[in-house]
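Text of coords.csv, listed as CSV, C-alpha atoms:
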```
chain,number,residue,atom,x,y,z
A,358,MET,CA,-53.5,-93.8,-16.8
A,359,LEU,CA,-53.4,-90.3,-18.1
A,360,LEU,CA,-50.1,-88.8,-19.2
A,361,ARG,CA,-48.0,-91.9,-19.1
A,362,GLY,CA,-45.9,-89.9,-21.5
A,363,GLY,CA,-46.0,-87.0,-19.1
A,364,VAL,CA,-42.5,-87.5,-17.8
A,365,PHE,CA,-39.1,-87.1,-19.4
A,366,SER,CA,-36.7,-89.0,-21.5
A,367,ALA,CA,-33.9,-91.4,-20.9
A,368,SER,CA,-32.4,-90.8,-24.3
A,369,HIS,CA,-31.2,-87.8,-26.3
A,370,ALA,CA,-32.8,-87.5,-29.8
A,371,VAL,CA,-30.5,-86.3,-32.5
A,372,VAL,CA,-32.4,-85.0,-35.6
A,373,GLY,CA,-30.2,-84.9,-38.7
A,374,ASP,CA,-28.6,-87.3,-41.1
A,375,SER,CA,-25.1,-88.8,-40.5
A,376,HIS,CA,-23.5,-85.6,-42.1
A,377,GLY,CA,-25.2,-83.2,-39.7
A,378,ASN,CA,-27.7,-82.0,-42.3
A,379,CYS,CA,-31.0,-80.7,-41.2
A,380,ARG,CA,-34.0,-83.0,-41.7
A,381,PHE,CA,-36.7,-80.3,-41.6
A,382,PRO,CA,-36.9,-76.8,-43.0
A,383,GLY,CA,-36.4,-74.2,-40.3
A,384,VAL,CA,-34.8,-76.6,-37.8
A,385,ILE,CA,-31.5,-75.5,-36.3
A,386,CYS,CA,-29.3,-78.5,-36.6
A,387,PRO,CA,-25.6,-77.7,-35.9
A,388,PRO,CA,-22.8,-79.9,-37.3
A,389,THR,CA,-22.5,-81.5,-33.8
A,390,GLY,CA,-25.9,-83.2,-34.4
A,391,LYS,CA,-27.4,-81.7,-31.2
A,392,PHE,CA,-31.1,-81.5,-31.4
A,393,VAL,CA,-32.5,-77.9,-31.2
A,394,ALA,CA,-36.1,-78.0,-32.4
A,395,VAL,CA,-38.7,-80.1,-34.1
A,396,SER,CA,-40.6,-78.4,-36.9
A,397,CYS,CA,-43.9,-79.4,-38.4
A,398,CYS,CA,-42.8,-78.2,-41.8
A,399,ARG,CA,-42.5,-80.6,-44.7
A,400,PRO,CA,-39.4,-82.7,-44.7
A,401,ARG,CA,-37.0,-82.0,-47.6
A,402,ARG,CA,-36.3,-85.7,-48.1
A,403,SER,CA,-36.5,-88.9,-46.2
A,404,HIS,CA,-33.8,-89.5,-43.7
A,405,ALA,CA,-33.4,-91.8,-40.8
A,406,LEU,CA,-33.8,-90.5,-37.2
A,407,LEU,CA,-30.7,-91.0,-35.2
A,408,VAL,CA,-31.4,-91.7,-31.5
A,409,SER,CA,-28.5,-91.8,-29.1
A,410,SER,CA,-29.5,-93.6,-25.9
A,411,VAL,CA,-28.2,-92.0,-22.7
A,412,ALA,CA,-28.7,-95.1,-20.8
A,413,SER,CA,-26.8,-97.5,-23.1
A,414,GLY,CA,-24.8,-95.2,-25.4
A,415,GLU,CA,-26.2,-97.2,-28.3
A,416,VAL,CA,-27.1,-95.2,-31.5
A,417,LYS,CA,-30.1,-96.6,-33.4
A,418,ARG,CA,-31.5,-95.5,-36.7
A,419,LYS,CA,-35.3,-95.1,-36.7
A,420,PRO,CA,-37.3,-94.4,-39.9
A,421,GLN,CA,-38.9,-91.0,-40.1
A,422,THR,CA,-42.6,-90.8,-39.7
A,423,SER,CA,-42.9,-88.1,-42.3
A,424,LEU,CA,-46.7,-87.6,-42.2
A,425,THR,CA,-46.6,-87.2,-38.4
A,426,HIS,CA,-43.9,-84.5,-38.6
A,427,GLN,CA,-45.8,-82.7,-41.4
A,428,LEU,CA,-49.0,-82.5,-39.3
A,429,ARG,CA,-47.5,-81.9,-35.8
A,430,HIS,CA,-46.9,-78.2,-35.0
A,431,SER,CA,-44.3,-78.5,-32.3
A,432,THR,CA,-40.9,-77.3,-31.1
A,433,LEU,CA,-38.4,-78.7,-28.6
A,434,SER,CA,-36.0,-76.5,-26.6
A,435,GLU,CA,-32.3,-77.0,-27.3
A,436,ASP,CA,-31.8,-78.8,-23.9
A,437,GLY,CA,-34.9,-80.9,-24.4
A,438,SER,CA,-36.5,-79.7,-21.2
A,439,THR,CA,-39.4,-77.7,-22.8
A,440,TYR,CA,-41.8,-78.8,-25.5
A,441,ASN,CA,-44.4,-76.7,-27.3
A,442,GLU,CA,-47.3,-77.8,-29.5
A,443,LYS,CA,-50.3,-76.1,-31.2
A,444,PHE,CA,-53.8,-77.5,-31.5
A,445,ILE,CA,-56.8,-76.4,-33.5
A,446,VAL,CA,-60.1,-76.9,-31.5
A,447,ARG,CA,-62.3,-79.2,-33.5
A,448,SER,CA,-66.1,-79.2,-33.7
A,449,TYR,CA,-66.3,-82.5,-31.7
A,450,GLU,CA,-64.2,-81.0,-28.9
A,451,VAL,CA,-66.6,-78.3,-27.9
A,452,GLY,CA,-69.5,-78.6,-25.5
A,453,ILE,CA,-72.8,-76.9,-24.8
A,454,ASN,CA,-71.0,-73.6,-24.1
A,455,LYS,CA,-69.6,-73.7,-27.7
A,456,THR,CA,-66.1,-73.8,-26.2
A,457,ALA,CA,-63.6,-76.6,-25.6
A,458,THR,CA,-64.6,-78.9,-22.7
A,459,ILE,CA,-62.4,-79.6,-19.8
A,460,GLU,CA,-61.9,-83.1,-21.1
A,461,THR,CA,-60.6,-81.6,-24.4
A,462,ILE,CA,-58.1,-79.5,-22.4
A,463,ALA,CA,-57.0,-82.5,-20.4
A,464,ASN,CA,-56.5,-84.5,-23.7
A,465,PHE,CA,-54.3,-81.7,-25.0
A,466,LEU,CA,-52.2,-82.0,-21.9
A,467,GLN,CA,-51.9,-85.7,-22.2
A,468,GLU,CA,-50.9,-85.5,-25.9
A,469,VAL,CA,-48.3,-82.8,-25.3
A,470,GLY,CA,-46.8,-84.8,-22.4
A,471,CYS,CA,-46.6,-88.0,-24.5
A,472,ASN,CA,-45.1,-86.2,-27.5
A,473,HIS,CA,-42.5,-84.4,-25.4
A,474,ALA,CA,-41.4,-87.8,-24.0
A,475,GLN,CA,-41.1,-89.3,-27.4
A,476,SER,CA,-39.4,-86.2,-28.8
A,477,VAL,CA,-36.5,-86.7,-26.4
A,478,GLY,CA,-36.3,-90.5,-27.0
A,479,TYR,CA,-38.5,-92.1,-24.3
A,480,SER,CA,-40.0,-95.5,-24.9
A,481,THR,CA,-43.1,-95.4,-26.9
A,482,ASP,CA,-45.0,-98.3,-25.3
A,483,GLY,CA,-47.3,-96.0,-23.3
A,484,PHE,CA,-45.2,-96.0,-20.2
A,485,SER,CA,-42.6,-93.4,-21.2
A,486,THR,CA,-40.0,-95.1,-19.1
A,487,THR,CA,-36.2,-94.9,-19.0
A,488,PHE,CA,-33.9,-97.8,-19.7
A,489,THR,CA,-33.4,-98.3,-16.0
A,490,MET,CA,-37.1,-98.2,-15.2
A,491,ARG,CA,-37.8,-100.8,-17.8
A,492,LYS,CA,-35.1,-103.0,-16.4
A,493,LEU,CA,-36.6,-102.7,-12.9
A,494,CYS,CA,-40.2,-103.1,-14.2
A,495,LEU,CA,-41.1,-99.6,-13.0
A,496,ILE,CA,-43.9,-97.4,-14.4
A,497,TRP,CA,-45.3,-93.9,-13.7
A,498,VAL,CA,-48.6,-93.4,-12.0
A,499,THR,CA,-50.4,-90.1,-11.4
A,500,THR,CA,-51.2,-89.1,-7.8
A,501,ARG,CA,-52.4,-85.5,-8.4
A,502,MET,CA,-53.7,-83.4,-11.3
A,503,HIS,CA,-54.6,-79.7,-11.0
A,504,ILE,CA,-55.9,-77.6,-14.0
A,505,GLU,CA,-56.9,-74.0,-14.1
A,506,ILE,CA,-58.7,-72.5,-17.1
A,507,TYR,CA,-59.1,-68.7,-17.3
A,508,LYS,CA,-60.6,-68.6,-20.7
A,509,TYR,CA,-62.0,-71.5,-22.7
A,510,PRO,CA,-61.0,-71.6,-26.4
A,511,ALA,CA,-63.8,-71.8,-29.0
A,512,TRP,CA,-64.2,-73.9,-32.1
A,513,HIS,CA,-61.4,-73.1,-34.6
A,514,ASP,CA,-59.2,-71.4,-32.0
A,515,VAL,CA,-55.6,-72.4,-32.0
A,516,VAL,CA,-54.3,-73.3,-28.6
A,517,GLU,CA,-50.5,-73.4,-27.8
A,518,VAL,CA,-49.5,-75.8,-25.1
A,519,GLU,CA,-46.1,-75.6,-23.5
A,520,THR,CA,-44.8,-78.3,-21.1
A,521,PHE,CA,-41.8,-78.9,-18.8
A,522,GLY,CA,-41.1,-80.7,-15.6
A,523,HIS,CA,-39.1,-80.9,-12.4
A,524,ILE,CA,-38.4,-83.6,-9.8
A,525,ASP,CA,-37.8,-83.9,-6.0
A,526,SER,CA,-36.7,-86.8,-3.9
A,527,ILE,CA,-39.9,-88.8,-4.3
A,528,ALA,CA,-41.9,-87.6,-7.3
A,529,ASN,CA,-41.8,-86.3,-10.8
A,530,TYR,CA,-43.8,-83.2,-11.8
A,531,ARG,CA,-45.1,-82.1,-15.2
A,532,ASP,CA,-46.4,-78.6,-15.7
A,533,TRP,CA,-48.2,-77.0,-18.6
A,534,ILE,CA,-49.0,-73.4,-19.8
A,535,LEU,CA,-51.8,-72.9,-22.3
A,536,LYS,CA,-52.0,-69.8,-24.5
A,537,ASP,CA,-54.3,-68.4,-27.2
A,538,HIS,CA,-52.0,-68.5,-30.2
A,539,ALA,CA,-53.6,-65.5,-31.8
A,540,THR,CA,-53.0,-63.2,-28.9
A,541,GLY,CA,-50.4,-64.8,-26.7
A,542,GLU,CA,-52.7,-64.6,-23.7
A,543,VAL,CA,-52.3,-67.2,-21.1
A,544,ILE,CA,-55.6,-69.0,-20.9
A,545,GLY,CA,-54.8,-71.8,-18.5
A,546,ARG,CA,-52.2,-73.6,-16.4
A,547,ALA,CA,-51.8,-77.1,-15.1
A,548,THR,CA,-49.5,-79.3,-13.0
A,549,SER,CA,-49.4,-83.0,-12.2
A,550,LYS,CA,-47.5,-85.2,-9.8
A,551,TRP,CA,-46.1,-88.7,-10.6
A,552,VAL,CA,-44.5,-91.5,-8.6
A,553,MET,CA,-42.9,-94.7,-9.7
A,554,MET,CA,-44.6,-98.0,-9.1
A,555,ASN,CA,-43.4,-101.6,-9.7
A,556,GLN,CA,-45.6,-102.9,-12.4
A,557,ASP,CA,-45.6,-106.5,-11.0
A,558,THR,CA,-46.0,-105.8,-7.2
A,559,ARG,CA,-48.0,-102.6,-7.6
A,560,ARG,CA,-45.8,-101.1,-4.8
A,561,LEU,CA,-44.5,-97.5,-5.0
A,562,GLN,CA,-40.8,-96.9,-5.2
A,563,ARG,CA,-38.5,-93.9,-4.6
A,564,PHE,CA,-36.0,-92.7,-7.1
A,565,THR,CA,-32.7,-94.5,-7.3
A,566,ASP,CA,-29.5,-92.7,-8.1
A,567,GLU,CA,-29.5,-94.2,-11.6
A,568,THR,CA,-33.1,-93.2,-12.4
A,569,ARG,CA,-32.6,-89.7,-11.0
A,570,ASP,CA,-29.5,-89.2,-13.2
A,571,GLU,CA,-31.5,-90.2,-16.2
A,572,TYR,CA,-34.3,-87.6,-15.4
A,573,LEU,CA,-32.0,-84.8,-14.4
A,574,ARG,CA,-31.0,-84.4,-18.1
A,575,TYR,CA,-34.4,-83.0,-19.0
A,576,VAL,CA,-35.8,-81.2,-16.0
A,577,THR,CA,-36.0,-77.4,-15.4
A,578,SER,CA,-36.5,-75.1,-12.5
A,579,ARG,CA,-39.6,-73.5,-14.1
A,580,LEU,CA,-43.0,-73.9,-12.4
A,581,ALA,CA,-46.4,-73.3,-13.9
A,582,PHE,CA,-47.5,-72.1,-10.4
A,583,PRO,CA,-44.6,-70.3,-8.9
A,584,GLU,CA,-46.9,-68.5,-6.3
A,585,GLU,CA,-46.5,-69.6,-2.7
A,586,ASN,CA,-49.5,-71.5,-1.3
A,587,ASN,CA,-51.1,-71.7,-4.6
A,588,ALA,CA,-54.3,-73.8,-5.1
A,589,SER,CA,-52.4,-76.7,-6.7
A,590,MET,CA,-50.8,-77.4,-3.4
A,591,THR,CA,-53.9,-77.2,-1.2
A,592,LYS,CA,-55.1,-80.4,0.5
A,593,ILE,CA,-58.5,-81.7,-0.5
A,594,ALA,CA,-60.9,-82.2,2.3
A,595,LYS,CA,-62.7,-85.5,2.5
A,596,LEU,CA,-66.3,-85.6,1.4
A,597,ASP,CA,-68.4,-87.4,4.0
A,598,ASP,CA,-71.8,-89.0,3.4
A,599,PRO,CA,-74.5,-88.1,2.8
A,600,ALA,CA,-73.5,-86.1,-0.3
A,601,GLN,CA,-75.8,-83.5,-1.6
A,602,HIS,CA,-75.7,-84.9,-5.2
A,603,SER,CA,-74.6,-88.2,-6.6
A,604,LYS,CA,-74.5,-90.3,-9.7
A,605,ILE,CA,-74.5,-94.0,-9.0
A,606,GLY,CA,-73.3,-96.9,-11.0
A,607,LEU,CA,-71.0,-95.3,-13.6
A,608,VAL,CA,-69.7,-98.1,-15.8
A,609,PRO,CA,-66.5,-97.8,-17.8
A,610,ARG,CA,-66.7,-98.1,-21.6
A,611,ARG,CA,-64.1,-99.9,-23.7
A,612,ALA,CA,-63.2,-96.4,-25.0
A,613,ASP,CA,-62.4,-95.3,-21.5
A,614,LEU,CA,-59.4,-97.7,-21.3
A,615,ASP,CA,-55.9,-96.4,-22.0
A,616,MET,CA,-53.1,-98.4,-23.7
A,617,ASN,CA,-52.2,-99.9,-20.3
A,618,GLN,CA,-55.7,-101.4,-19.8
A,619,HIS,CA,-56.6,-98.9,-17.0
A,620,ILE,CA,-59.3,-96.3,-17.0
A,621,ASN,CA,-57.9,-93.1,-18.5
A,622,ASN,CA,-57.5,-90.2,-16.1
A,623,VAL,CA,-59.5,-88.0,-18.4
A,624,THR,CA,-62.5,-90.3,-17.7
A,625,TYR,CA,-62.1,-89.6,-14.0
A,626,ILE,CA,-62.6,-85.9,-14.7
A,627,GLY,CA,-65.8,-86.6,-16.4
A,628,TRP,CA,-67.0,-89.0,-13.6
A,629,ALA,CA,-66.2,-86.4,-11.0
A,630,LEU,CA,-68.3,-83.8,-12.8
A,631,GLU,CA,-71.1,-86.2,-13.6
A,632,SER,CA,-72.8,-85.5,-10.2
A,633,MET,CA,-72.9,-81.7,-10.7
A,634,PRO,CA,-76.4,-80.3,-10.7
A,635,GLN,CA,-77.7,-79.0,-14.0
A,636,GLU,CA,-78.4,-75.6,-12.7
A,637,ILE,CA,-74.7,-75.0,-11.9
A,638,ILE,CA,-73.7,-76.3,-15.3
A,639,ASP,CA,-76.2,-73.8,-16.9
A,640,SER,CA,-75.1,-70.8,-14.9
A,641,HIS,CA,-71.4,-71.4,-14.2
A,642,GLU,CA,-68.2,-72.7,-15.9
A,643,LEU,CA,-65.3,-74.6,-14.5
A,644,GLN,CA,-62.5,-72.4,-13.3
A,645,ALA,CA,-60.3,-75.1,-11.6
A,646,ILE,CA,-60.2,-78.8,-10.8
A,647,THR,CA,-57.9,-80.7,-8.6
A,648,LEU,CA,-58.0,-84.5,-8.4
A,649,ASP,CA,-56.0,-86.8,-6.0
A,650,PHE,CA,-55.8,-90.4,-7.4
A,651,ARG,CA,-56.0,-93.1,-4.7
A,652,ARG,CA,-56.8,-96.3,-6.4
A,653,GLU,CA,-56.8,-98.0,-9.8
A,654,CYS,CA,-60.0,-98.7,-11.6
A,655,HIS,CA,-60.5,-101.4,-14.2
A,656,GLN,CA,-63.0,-102.2,-16.9
A,657,ASP,CA,-65.1,-104.5,-14.8
A,658,ASP,CA,-65.4,-101.9,-11.9
A,659,ALA,CA,-68.5,-99.6,-11.5
A,660,ALA,CA,-68.1,-96.3,-9.7
A,661,ASP,CA,-70.2,-93.8,-7.8
A,662,SER,CA,-69.7,-90.0,-8.2
A,663,LEU,CA,-70.6,-87.9,-5.1
A,664,MET,CA,-70.6,-84.1,-4.8
A,665,SER,CA,-71.3,-81.5,-2.1
A,666,LEU,CA,-70.9,-77.7,-1.8
A,667,TYR,CA,-67.6,-76.8,-0.1
A,668,THR,CA,-67.8,-73.7,2.1
A,669,VAL,CA,-65.3,-71.7,4.1
A,670,SER,CA,-66.1,-69.8,7.2
A,671,ARG,CA,-64.4,-66.4,6.7
A,672,SER,CA,-64.5,-65.6,10.4
A,673,GLN,CA,-63.0,-68.9,11.8
A,674,GLY,CA,-61.2,-70.3,8.8
A,675,THR,CA,-63.0,-73.6,9.2
A,676,THR,CA,-64.3,-75.8,6.3
A,677,ASP,CA,-67.4,-77.9,5.9
A,678,ALA,CA,-69.5,-79.4,3.1
A,679,SER,CA,-72.8,-77.8,3.8
A,680,PRO,CA,-74.6,-75.2,1.6
A,681,SER,CA,-74.7,-72.5,4.3
A,682,THR,CA,-72.5,-70.2,2.2
A,683,ALA,CA,-73.1,-70.0,-1.6
A,684,GLU,CA,-70.0,-68.2,-2.8
A,685,ASP,CA,-66.5,-67.4,-1.5
A,686,GLU,CA,-65.0,-64.0,-1.3
A,687,ASN,CA,-64.1,-64.1,-5.0
A,688,GLY,CA,-67.7,-64.9,-6.0
A,689,TYR,CA,-66.8,-68.5,-6.9
A,690,LEU,CA,-68.6,-71.7,-6.0
A,691,GLN,CA,-66.4,-74.5,-4.7
A,692,PHE,CA,-67.4,-78.2,-4.5
A,693,LEU,CA,-65.9,-81.4,-3.1
A,694,HIS,CA,-66.0,-84.5,-5.1
A,695,LEU,CA,-65.5,-88.2,-4.4
A,696,VAL,CA,-65.4,-91.1,-6.9
A,697,ARG,CA,-65.5,-94.5,-5.3
A,698,LEU,CA,-66.0,-98.1,-6.2
A,699,SER,CA,-69.7,-99.1,-6.1
A,700,LYS,CA,-69.1,-102.6,-4.8
A,701,ASN,CA,-67.2,-101.7,-1.6
A,702,GLY,CA,-67.0,-97.9,-1.3
A,703,PHE,CA,-63.2,-97.8,-1.7
A,704,GLU,CA,-62.1,-94.3,-2.7
A,705,ILE,CA,-60.8,-94.0,-6.3
A,706,ASN,CA,-60.1,-90.3,-6.2
A,707,ARG,CA,-61.2,-87.2,-4.4
A,708,GLY,CA,-61.5,-83.8,-5.9
A,709,ARG,CA,-62.2,-80.1,-5.6
A,710,THR,CA,-63.7,-77.8,-8.2
A,711,VAL,CA,-64.1,-74.1,-8.5
A,712,TRP,CA,-66.8,-72.5,-10.7
A,713,ARG,CA,-67.2,-69.0,-11.9
A,714,LYS,CA,-70.3,-67.4,-13.5
A,715,LYS,CA,-70.5,-67.7,-17.2
A,716,PRO,CA,-69.6,-64.6,-19.2
A,717,ALA,CA,-72.4,-62.9,-21.1
A,718,ARG,CA,-72.6,-64.2,-24.6
A,719,SER,CA,-74.4,-63.1,-27.8
A,720,ASN,CA,-77.8,-64.7,-28.5
A,721,SER,CA,-76.7,-65.4,-32.0
A,722,CYS,CA,-76.6,-69.1,-32.8
A,723,TYR,CA,-73.2,-68.5,-34.5
A,724,SER,CA,-71.7,-66.8,-31.4
A,725,GLY,CA,-68.2,-68.2,-30.7
A,726,TYR,CA,-67.9,-70.0,-34.1
A,727,ILE,CA,-67.3,-67.4,-36.8
A,728,LYS,CA,-63.7,-66.1,-36.9
```

Taking this structure as input, can you express it in the form of structure tokens?
Amino acid sequence: MLLRGGVFSASHAVVGDSHGNCRFPGVICPPTGKFVAVSCCRPRRSHALLVSSVASGEVKRKPQTSLTHQLRHSTLSEDGSTYNEKFIVRSYEVGINKTATIETIANFLQEVGCNHAQSVGYSTDGFSTTFTMRKLCLIWVTTRMHIEIYKYPAWHDVVEVETFGHIDSIANYRDWILKDHATGEVIGRATSKWVMMNQDTRRLQRFTDETRDEYLRYVTSRLAFPEENNASMTKIAKLDDPAQHSKIGLVPRRADLDMNQHINNVTYIGWALESMPQEIIDSHELQAITLDFRRECHQDDAADSLMSLYTVSRSQGTTDASPSTAEDENGYLQFLHLVRLSKNGFEINRGRTVWRKKPARSNSCYSGYIK
């Protein structure tokens, strides 16, 4: 599933050689060996990466992946709780609007979450688990994903993605803030909710004292959505048949599988949007998407995507899924989504999307491309 690396580390990465010398130019590496930042600059010389495991206390020497460090533009906070990475929007990551697609944005979030987990010493097998979790055969699964995009980056734009997380008694949360690197403008925010599941029994499990202690080392009190009653917390109403629009028989491709042999959560975003009518795609762009994940989907499963307009009665505060009201008080269109298994109708995920009218663009065929 998406963002297996989207949690926090069970070990403390120490960047530096055995004498406390800095491995990368511009990296603050005090004599204590505490890790302060990861730089994408060229390494001065090849040193081993010392990793001190919080769970076991064992210090291991890992070879430096010098090319990765040269190409990755990233920093890690001194306490390991916050990670920042920059991405250039590539030509194959933009869509018909000449801007990055929502799938591209979701992939940025996934990559940053995974890289944060590895930077602070998590396991790199795709599960980003702590020592205790691996001992108990526990993995992380996503239960909710909420993304808001205020401005879509164009081809060649540089996007800066910052990530951090927090926990409560039953779940782990990873948040992101996206900025235009050139202006510092916040162009998007996102949050996700994760729970532990036994890999063998497929049953959910609460935090134990031991696993909680491992995660408390790298959590923060920051929130991407500090506002009370923000949209990321709103319950998604159930979409009942008959839906206004549908796309039946979506079949997973091999490329849709993640490293854990499950359908990647980014694929679910595409499936949910597959039933959107073309006239909405032509006139509007996605402002926000919220997905609740209810069931796993595998390579042999086919899925149906259903969608209906979601309306709110301003006078009574009631909701339905009929097209009686086109736009809400902010001028946005809202839709309910349901992705279900074709063979039995079991719900895979349900979603809600918010769409805004597209901004006026130049008629030039090069609009949005030339910097």

Task: Atom pair CA of Ser589 in chain A / CA of Arg569 in chain A: separation (Å) - done: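 Distance between the two atoms: 24.1 Å.
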
- [ ] Considering only C-alpha atoms, state which residue in the set A:Glu517, A:Glu505, A:Glu460, A:Glu468 is at the smallest distance from Gly627 in chain A.
- [x]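 Ranked by minimum distance to Gly627 in chain A, first place goes to A:Glu460.
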
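Between CA of Asn464 in chain A and CA of Gly702 in chain A there is a distance of 28.1 Å.
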
Open item on the list: I want to know what sits within 6 Å of range 648-664 of chain A, based on all atoms listed in the file, with residues of the same chain fewer than 2 positions away left out; could you give that as a ChimeraX atom specification?
Closed with: /A:500-502,600,602-609,619-620,629,632,693-699,705-708

Open item on the list: Give me the residues near range 443-445 of chain A as number ranges by chain, where near means some atom within 9 Å (using all atoms listed in the file) and where sequence neighbours in that chain fewer than 6 positions away do not count.
Closed with: A: 429-431, 465, 512-519, 538

- [ ] Within 9 Å of (-42.5, -97.9, -9.4) (coordinates as in the file), grab all the protein and nucleic acid residues, counting only C-alpha atoms, and write them out as a ChimeraX atom specification.
- [x] /A:490,493-498,552-556,558-564

Task: Residue nearest Ser578 in chain A among A:Leu630, A:Met590, A:Ala457, A:Ile524 (counting only C-alpha atoms) - done: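 For Ser578 in chain A, the nearest of the given residues is A:Ile524.
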
Task: Atomic distance CA of Ala547 in chain A - CA of Ala581 in chain A, expressed in Å with one decimal - done: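 Atom-to-atom, CA of Ala547 in chain A to CA of Ala581 in chain A, that is 6.7 Å.
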
Each range 492-539 of chain A residue no farther than 10 Å from range 570-574 of chain A, nearest pair in Å, all atoms listed in the file, as a Markdown table:
```
| residue | atom | partner | partner_atom | distance |
| --- | --- | --- | --- | --- |
| A:Gly522 | CA | A:Tyr572 | CA | 9.7 |
| A:His523 | CA | A:Leu573 | CA | 8.3 |
| A:Ile524 | CA | A:Leu573 | CA | 8.0 |
| A:Asn529 | CA | A:Tyr572 | CA | 8.9 |
```

TODO: Taking the point (-69.1, -71.8, -12.4) as given in the file, collect each protein or nucleic acid residue that comes within 10 Å of it, counting all atoms listed in the file, and present the set as a PyMOL selection string.
DONE: chain A and resi 637-645+688-691+710-716

Task: Counting all atoms listed in the file, the residue of A:His503, A:Thr487, A:Tyr449, A:Asn454 that sits nearest Glu567 in chain A - done: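 For Glu567 in chain A, the nearest of the candidates is A:Thr487.
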
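When the distance limit is 9 Å and all atoms listed in the file are what count, the residues near Ala463 in chain A, minus those fewer than 2 positions from it on the same chain, are Leu359, Thr458, Ile459, Glu460, Thr461, Phe465, Leu466, Gln467, Glu468, Ile504, Asn622, Val623 and Ile626 of chain A.
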
Open item on the list: I'd like to know which of A:Val477, A:Ala588, A:Ile462, A:Ile453 is closest to Ile534 in chain A, using all atoms listed in the file.
Closed with: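 Checking each of A:Val477, A:Ala588, A:Ile462, A:Ile453 against Ile534 in chain A, counting all atoms listed in the file, the winner is A:Ile462.
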